[in-house]
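One structure is given here, and the rest of the page talks about it.
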Amino acid sequence: MILAAGGINNSIVVVVLASAVVYGTPLLYAALGELLAERAGVLNLGVEGMMLVGAVMGFWAVQRIGNLALSIAVAALAGAAMALIHAFLVVTLRANQIVSGLALTIFAGAAGLSSYLGNDLNLADQPARHAFAAVFPHSWQTTPVIGPILLQQTWLVYASWVCVALVALYLNRTRLGLNVRAVGESPAAADAMGIDVTRYRYLHTIAGGAFAGVGGATFSLAITPSWVDGLTSGAGWIAIALVIFAFWRPTLCLVGAYFFGAFSGLPFTLQSRGVTIAPELTQALPYVMTIVVLVLVSSAGARRRLGAPGALGTPYVREER
Amino acid sequence: MIRIERRLEQPRWLTIAVPIGSVVVAVGVMTIVLLVTHHPPGHTFRRLVDAAFVGQDDLNNTFVSATPLVFTGLCAAIAFRMQLFNIGGEGQLYAGAIVGAAAGLVLGNHSGWLSVPAMIAAGAAGGAALALIPALLRAFLATNEIITSLMLNYVAALVLDYLIFDSQSYWRDTSSATAKVFPQGKNLPAAANWPAAHLGGIVLPFGFLVAVVLAVLLWVLYSRTRFGFEVQVIGDSPRAASYAGMRTRRKVLAVMGLSGALAGIGGASQDGDFRHTLDPRGLSAAGYGYAGIVIAALGRYNPFAVVVIAFLIGGLQNAGYTLQGADFPSGLVGVMQGLILFCALGGELLIRYRLRLPRRRRVEAAEVVA
Amino acid sequence: MTVEPAAAAPKRAAAAAVSLQGIVKRFPGVVANDGVDFEAAEGEVHALLGENGAGKSTLSNILTGLYRPDEGEIRLYGRPVVFASPRDALDAGVCMVHQHFRLVAPFTVAENVILGDHRGEGRKFVVHPRRVERRVAELGERYRIRVDPRARVWQLSLGEQQRVEILKALYREARILILDEPTAVLTPQEADSLFETLRVMAAEGRTIVFISHKLHEVKAVSDRVTVLRAGRTVATVDTADATPRSLASLMVGRDVSGFERQERPGEPGEPVLEIDDLWAAGDRGGDALRGVGLTVRAGEIVAIAGVAGNGQRELAETVTGMRRPTRGTVAVQGRALRGGDAREAIRAGVAHVPEDRLNTGVAPSLSIASNVVLKSYRTGAVTAGPLLRLRAIREHAASLIHRYDVRGGGPELPARQLSGGNLQKVVLAREFSGAPRVLVVASPTRGLDVAAIETVHRYLREAADGGVGVLLISEDLDEILALADRVAVIYEGRIVGERPVGATTVEELGLLMAGGEERAS
């Protein structure tokens, strides 16, 4: 039976799906975070920067402290700290959200703070002291089909599923979630009903940063347990696209993340099978598809139905005439 | 709590003071960071300035770094003025580099001097063509241009990689021995190398001069012509523009096309001025497009300010490359750029709003309803 | 007759539910409230009357915790309170129905009702929509405010949206309810039914603060009236003792005639604007105009009456070329326009004073000079080739500022810094300088003070006297009856009736505005 499973488990579909889950997980965390911020009306284009800082601090923590759970917490804190800068600029100082997000990526990203920290803390070329490993025993992992795809994964993968469920329940079923959506749709209405728009925007932007930090740490603690400058290689931007791709819905983020993850893992899988297809072509697909989805959702009516927050990207100012 | 009030009038001096103040604050914060991480701040900053602006070679290198930044800065500035958030300068620069290199390769061996203007035109066309994708989607399908132009950056980068690393394209060098091991682009013929102006020992790249001329033309276009008037109105209130019978769609296409063309010329200048080949790694490592947005924002979308700030940021970047190594904190330049921009964004608030400490409340004893 | 404030001051009611003393609120460049005193008792409907800009909205925003006063004291039921946020005010039982509704469009009615509630059903961490829906349905039953709790707000008419706002207040058991200009979106009949609801609520011991600048409404619904003028309290009077005339003079500070109709001599000329079977889509899809037909002759003022949101905005936009018709034609002086082309309409002589004067009528951040050439910047007078003649533009602006008496600043002043009345003068100056044949004006006096309203009305009459065909779109029946020669009523995108102004009544128009069938005419 194990032999038979080996056959199926080596089939291209299973391998691609397994790598989709692996590469989709950091995207999922980052996209969930961005989704929280955007649902509260804050567009944060600094995801890449926040992920990189999360990656470097997470790796530093594991080298220094050695505890993986704590390292994830450190990564989340680091991402949250970066997001706090953005929140202060766009919520309190009402700066342009696009420019501020880009500034955050330049400030924190490759050739910025993450690189400064990584080099200053001597993290390059260090072997990781610990890394996330598969949760379940090896014998489970050889289960046909679901073994490699679902049972061979790390805690980070399973935790991300819990996060998706929690975020979805939070937004759709709880009082706080209702408030968040109101703040993102119509801050004036929320404000008039006694909801503190500023606080909600701060908290969700910061929570978004924390998720991005965890997403970054997924790279440095699980996928490639090490640190090199710019190791997320654009995952943050894909995460931003993913939120739109998923119509601002957590559950669709899960699907989208694995879909995008499949494409980033696909070239390696194909290469190992001797199939030579230019990796650029498969890698470009997620971006092109995001554009297609954007076009499909761009009519105002469609946007409303599909859930683009009405006040996304606009500052809220109460006391002005 | 401090209160924020809209200013009735925006004082002129603040528009100068805020950028300068931003640099000062950024240097201050950076000093603290350096001290905390045990780097000597005075020494570090001196090396930074030395490597950027002191000495002929350094200054020449700064011009090299600044040239693409002027182009991408202008690219962002003129689009942002109309509230068109083209953040695709990066990809449009690649597109310009690709098409510009093709023009140089085709014409360089045959038509001599003509290949330089042809490369400029080709670069402009390449950049404009890529920019027109988000422009058309925005004009006819109301698709937000921010994300589409951003996505196209990645597509353009992948196309660039594909042409040199994973295909037998026209741009790829397939003849030389090293090219078999390390894929690289064909070298441009000598006639396709852009001339440079020598002022004493200072070498001004041709692209830089083109960029300055374009900055002047853009200033005239935006402040003195009907076209510029329409752009101002559309940028301020699209409804007022449509009320006044302005053709908003055409303007979106024209401005995005122009914006992309500027970045595209920047790409062609990379081929003709500096790299003399289509060089994917070199182009994508620098992040010219994103830096251009920062520069445009720092210059408050004024073409002249873009030139000056591109020069300063170019100096910073150049110093970053030069000083790369064990004894110089890596990433410092990005952090500095980010800090300056954060401060400038915050300072923008001072220009538009006034901060006020409210008077002490009269009713001290009043009960606060919880 | 002028009512002396001191003489008219009524006896203080037993318990002042709301008491505001010496409220001062400054905004950059304006003192919106300059020592306002206001008191309303339990169980009364108290009208807050004042011109636009008198400080009514600011005062109500202070009472609901949106603004914090710079000076002054708020007491509820005798106890001083400080509202740090709207939530404090809500918790103290103060609710407000804003002029622009504060509703979340994609949410259901029930979700909007529990939004921000942290006491009742909304206190629970997990939201149970069914229970809220039941509660909302019960409330609607009791107060006879019918609205489907599961409907999404964006699907509702403005009148229904207002009911949601009132349900919100009832759900929270508001003891003090403030309504800001609530009748603007209602037919006269709907307004009457709102007044009934308010009476029922007051009878339960609630306090209703009713903000308006319409005298007959104030007469109809309130027990007492407090009049504000230029940020100060002028008087508080018992409604029974006041006449519309006395209230008007308190409000304006001098004797006013109100909207007296001034007959204009002269017969209308040739048709200048012919609208035939005009259809157009609305912003949310669906047909906003459904076969509008109408003719305006030279020298005639034809009014379009209707409740807000029945296609008025779309009609103005379609006639002026800002919106493409899906069917039908607009012809100016006998020549059909292509449609959907504002530039062509401007060339054909269609001038337009839009409803949203700040963001459509002008580019708000640009100078007055730029805004006076907003439509003529292509013409030879101000251009030389592709270049603009900036000096000629400035001079043109300066002369218009002088001629139309625009106060507040010179040609270089950004338009947004003008007051509403002066801004409207800039718009009118520009539109008249294009020598129009047809003038489409939408809510031209909304938000203006009495003096500015008089000026605008004078310009409109002068334009008609000069042979321009004027299409006046207004939700203000008083304005229509004062200005127009003919009135057409629009309901759900159709003209449901057309009458000479002399041959109709407010009641008849109100019936038509509510969609009552046109009687055989």
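As shown in the structure tokens, the chain order sets the letters A, B, ...; within each chain, residues go from 1, and ligands are also counted from 1 in the order they appear.
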
Quick one: residues within 10 Å of B:Pro11, only C-alpha atoms counted, chain neighbours fewer than 5 positions away excluded, as a list in words?
-> Ile16, Leu350, Ile351 and Arg352 of chain B

Just need the residues of chain C within 9 Å of chain A, counting only C-alpha atoms, so spit them out as a count of residues only.
-> 40

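Picture a line from atom CA of B:Leu199 to atom CA of B:Ser65; it runs 18.0 Å.
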
Can you check which residues of chain B have any atom within 8 Å of chain A? Use only C-alpha atoms and format it as a PyMOL selection string.
-> chain B and resi 5-6+37+137+141-144+147-148+151-152+154-155+158-159+161-162+166-167+290-291+293-294+297+329-339+341-342+345-346+348-349

Could you give me the residues within stretch 176-337 of chain C that DSSP places in helix (DSSP H, G or I), as a PyMOL selection string?
-> chain C and resi 182-185+188-203+215-221+239-241+244-252+312-319

Which distance in Å separates atom CA of C:His216 and atom CA of C:Leu139, to one decimal?
-> 29.4 Å

Distance in Å - atom CA of C:Leu228 versus atom CA of C:Pro364 |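 Separation of atom CA of C:Leu228 and atom CA of C:Pro364: 29.0 Å.
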
Could you list, as a PDB file with N, CA and C atoms, in the first residue's frame, every residue within 8 Å of B:Ile309, counting only C-alpha atoms and ignoring same-chain residues fewer than 2 positions away?
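Dumped to around_36.pdb:
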```
ATOM      1  N   ILE B 295      10.737  60.186  -4.886  1.00  0.00           N
ATOM      2  CA  ILE B 295      11.307  61.468  -5.299  1.00  0.00           C
ATOM      3  C   ILE B 295      10.210  62.436  -5.717  1.00  0.00           C
ATOM      4  N   LEU B 298       8.523  63.681  -2.613  1.00  0.00           N
ATOM      5  CA  LEU B 298       9.362  64.643  -1.896  1.00  0.00           C
ATOM      6  C   LEU B 298       9.375  65.979  -2.615  1.00  0.00           C
ATOM      7  N   GLY B 299       9.349  65.952  -3.937  1.00  0.00           N
ATOM      8  CA  GLY B 299       9.379  67.193  -4.711  1.00  0.00           C
ATOM      9  C   GLY B 299       7.994  67.783  -4.907  1.00  0.00           C
ATOM     10  N   ALA B 305      11.799  70.453  -8.888  1.00  0.00           N
ATOM     11  CA  ALA B 305      12.153  69.854  -7.599  1.00  0.00           C
ATOM     12  C   ALA B 305      12.546  68.392  -7.799  1.00  0.00           C
ATOM     13  N   VAL B 306      11.884  67.723  -8.745  1.00  0.00           N
ATOM     14  CA  VAL B 306      12.216  66.318  -9.009  1.00  0.00           C
ATOM     15  C   VAL B 306      13.673  66.193  -9.438  1.00  0.00           C
ATOM     16  N   VAL B 307      14.126  67.101 -10.306  1.00  0.00           N
ATOM     17  CA  VAL B 307      15.514  67.030 -10.772  1.00  0.00           C
ATOM     18  C   VAL B 307      16.472  67.162  -9.590  1.00  0.00           C
ATOM     19  N   PHE B 311      18.806  64.140  -7.835  1.00  0.00           N
ATOM     20  CA  PHE B 311      20.263  64.254  -7.713  1.00  0.00           C
ATOM     21  C   PHE B 311      20.697  63.890  -6.294  1.00  0.00           C
ATOM     22  N   LEU B 312      19.981  64.413  -5.303  1.00  0.00           N
ATOM     23  CA  LEU B 312      20.353  64.131  -3.914  1.00  0.00           C
ATOM     24  C   LEU B 312      20.177  62.646  -3.583  1.00  0.00           C
ATOM     25  N   ILE B 313      19.033  62.089  -3.963  1.00  0.00           N
ATOM     26  CA  ILE B 313      18.796  60.671  -3.674  1.00  0.00           C
ATOM     27  C   ILE B 313      19.769  59.816  -4.487  1.00  0.00           C
TER      28      ILE B 313
END
```

If you count only C-alpha atoms, which residues fall within 8 Å of A:Pro26, apart from same-chain ones fewer than 6 positions away, as a ChimeraX atom specification?
-> /A:214-216,218-219,235

Could you dump the residues just selected with C-alpha atoms as a PDB file, in the first residue's frame?
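Contents of out-v2.pdb, as written:
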```
ATOM      1  CA  VAL A 214       4.520  36.010  10.553  1.00  0.00           C
ATOM      2  CA  GLY A 215       4.292  35.559   6.800  1.00  0.00           C
ATOM      3  CA  GLY A 216       7.868  36.763   6.448  1.00  0.00           C
ATOM      4  CA  THR A 218       7.431  31.570   7.407  1.00  0.00           C
ATOM      5  CA  PHE A 219      10.206  32.009   4.883  1.00  0.00           C
ATOM      6  CA  ALA A 235       5.647  37.789  -1.919  1.00  0.00           C
TER       7      ALA A 235
END
```

Surrounding residues of B:Asn153 excluding itself and chain neighbours under 3 positions, 6 Å, only C-alpha atoms, as a compact mmCIF listing (two decimals) with N, CA and C atoms, in the first residue's frame:
```txt
# COMPACT_ATOMS: atom_id res chain seq x y z
N GLY B 88 3.76 52.11 -11.88
CA GLY B 88 4.39 51.17 -12.80
C GLY B 88 5.64 51.71 -13.46
N GLU B 90 8.60 51.38 -12.69
CA GLU B 90 9.60 50.32 -12.72
C GLU B 90 9.47 49.48 -14.00
N GLY B 91 8.28 48.98 -14.23
CA GLY B 91 8.06 48.13 -15.40
C GLY B 91 8.17 48.92 -16.69
N LEU B 150 1.11 48.20 -10.88
CA LEU B 150 2.04 47.48 -10.00
C LEU B 150 2.28 46.05 -10.48
N ALA B 156 6.68 42.78 -16.49
CA ALA B 156 7.76 43.33 -17.30
C ALA B 156 9.11 42.76 -16.84
```

Point out the residue among B:Val23, B:Ala254, B:Cys75, B:Ile234 with the least atom-to-atom distance to chain C, counting only C-alpha atoms.
-> B:Ile234

Tell me which protein, DNA and RNA residues are within 9 Å of C:Leu418, counting only C-alpha atoms, leaving out same-chain ones fewer than 5 positions away, and put them as a list in words.
-> Val406, Arg407, Gly408, Gly409, Leu413 and Leu423 of chain C

Residues of the last selection are to be written out with N, CA and C atoms, as a PDB file, in the first residue's frame.
```pdb
ATOM      1  N   VAL C 406     -18.620  89.498  -6.005  1.00  0.00           N
ATOM      2  CA  VAL C 406     -18.139  88.321  -5.285  1.00  0.00           C
ATOM      3  C   VAL C 406     -17.233  88.803  -4.160  1.00  0.00           C
ATOM      4  N   ARG C 407     -17.571  88.444  -2.934  1.00  0.00           N
ATOM      5  CA  ARG C 407     -16.763  88.918  -1.813  1.00  0.00           C
ATOM      6  C   ARG C 407     -15.972  87.781  -1.200  1.00  0.00           C
ATOM      7  N   GLY C 408     -14.811  88.115  -0.683  1.00  0.00           N
ATOM      8  CA  GLY C 408     -14.018  87.101   0.018  1.00  0.00           C
ATOM      9  C   GLY C 408     -12.599  87.019  -0.495  1.00  0.00           C
ATOM     10  N   GLY C 409     -12.338  87.485  -1.697  1.00  0.00           N
ATOM     11  CA  GLY C 409     -10.960  87.427  -2.165  1.00  0.00           C
ATOM     12  C   GLY C 409     -10.850  87.729  -3.644  1.00  0.00           C
ATOM     13  N   LEU C 413      -7.655  83.519  -5.303  1.00  0.00           N
ATOM     14  CA  LEU C 413      -8.153  82.770  -4.145  1.00  0.00           C
ATOM     15  C   LEU C 413      -8.686  81.400  -4.580  1.00  0.00           C
ATOM     16  N   LEU C 423     -19.626  81.614  -3.835  1.00  0.00           N
ATOM     17  CA  LEU C 423     -19.269  80.555  -4.770  1.00  0.00           C
ATOM     18  C   LEU C 423     -20.332  80.451  -5.865  1.00  0.00           C
TER      19      LEU C 423
END
```

Neighbours of B:Phe53 within 10 Å (only C-alpha atoms; same-chain residues fewer than 4 positions away dropped), as a PyMOL selection string?
-> chain B and resi 48-49+57-63+311-312+314-316+318-319

Mind dumping the selected residues with C-alpha atoms as a PDB file, in the first residue's frame?
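The resulting file, result_17.pdb, is shown below:
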```pdb
ATOM      1  CA  LEU B  48      28.223  59.011   2.957  1.00  0.00           C
ATOM      2  CA  VAL B  49      28.493  62.630   1.861  1.00  0.00           C
ATOM      3  CA  ASP B  57      34.553  60.494  -9.660  1.00  0.00           C
ATOM      4  CA  ASP B  58      31.964  60.343  -6.933  1.00  0.00           C
ATOM      5  CA  LEU B  59      30.050  63.222  -8.446  1.00  0.00           C
ATOM      6  CA  ASN B  60      30.124  61.557 -11.849  1.00  0.00           C
ATOM      7  CA  ASN B  61      28.798  58.365 -10.344  1.00  0.00           C
ATOM      8  CA  THR B  62      26.079  60.331  -8.640  1.00  0.00           C
ATOM      9  CA  PHE B  63      24.987  61.633 -12.027  1.00  0.00           C
ATOM     10  CA  PHE B 311      20.263  64.254  -7.713  1.00  0.00           C
ATOM     11  CA  LEU B 312      20.353  64.131  -3.914  1.00  0.00           C
ATOM     12  CA  GLY B 314      21.049  59.556  -6.523  1.00  0.00           C
ATOM     13  CA  GLY B 315      24.014  60.666  -4.440  1.00  0.00           C
ATOM     14  CA  LEU B 316      22.717  58.680  -1.505  1.00  0.00           C
ATOM     15  CA  ASN B 318      25.599  55.934  -5.268  1.00  0.00           C
ATOM     16  CA  ALA B 319      27.241  56.245  -1.868  1.00  0.00           C
TER      17      ALA B 319
END
```

In terms of the shortest atom-to-atom distance over only C-alpha atoms, which of C:Asn52, C:Ser193, C:Ser212, C:Gln21 is closest to chain B?
-> C:Gln21
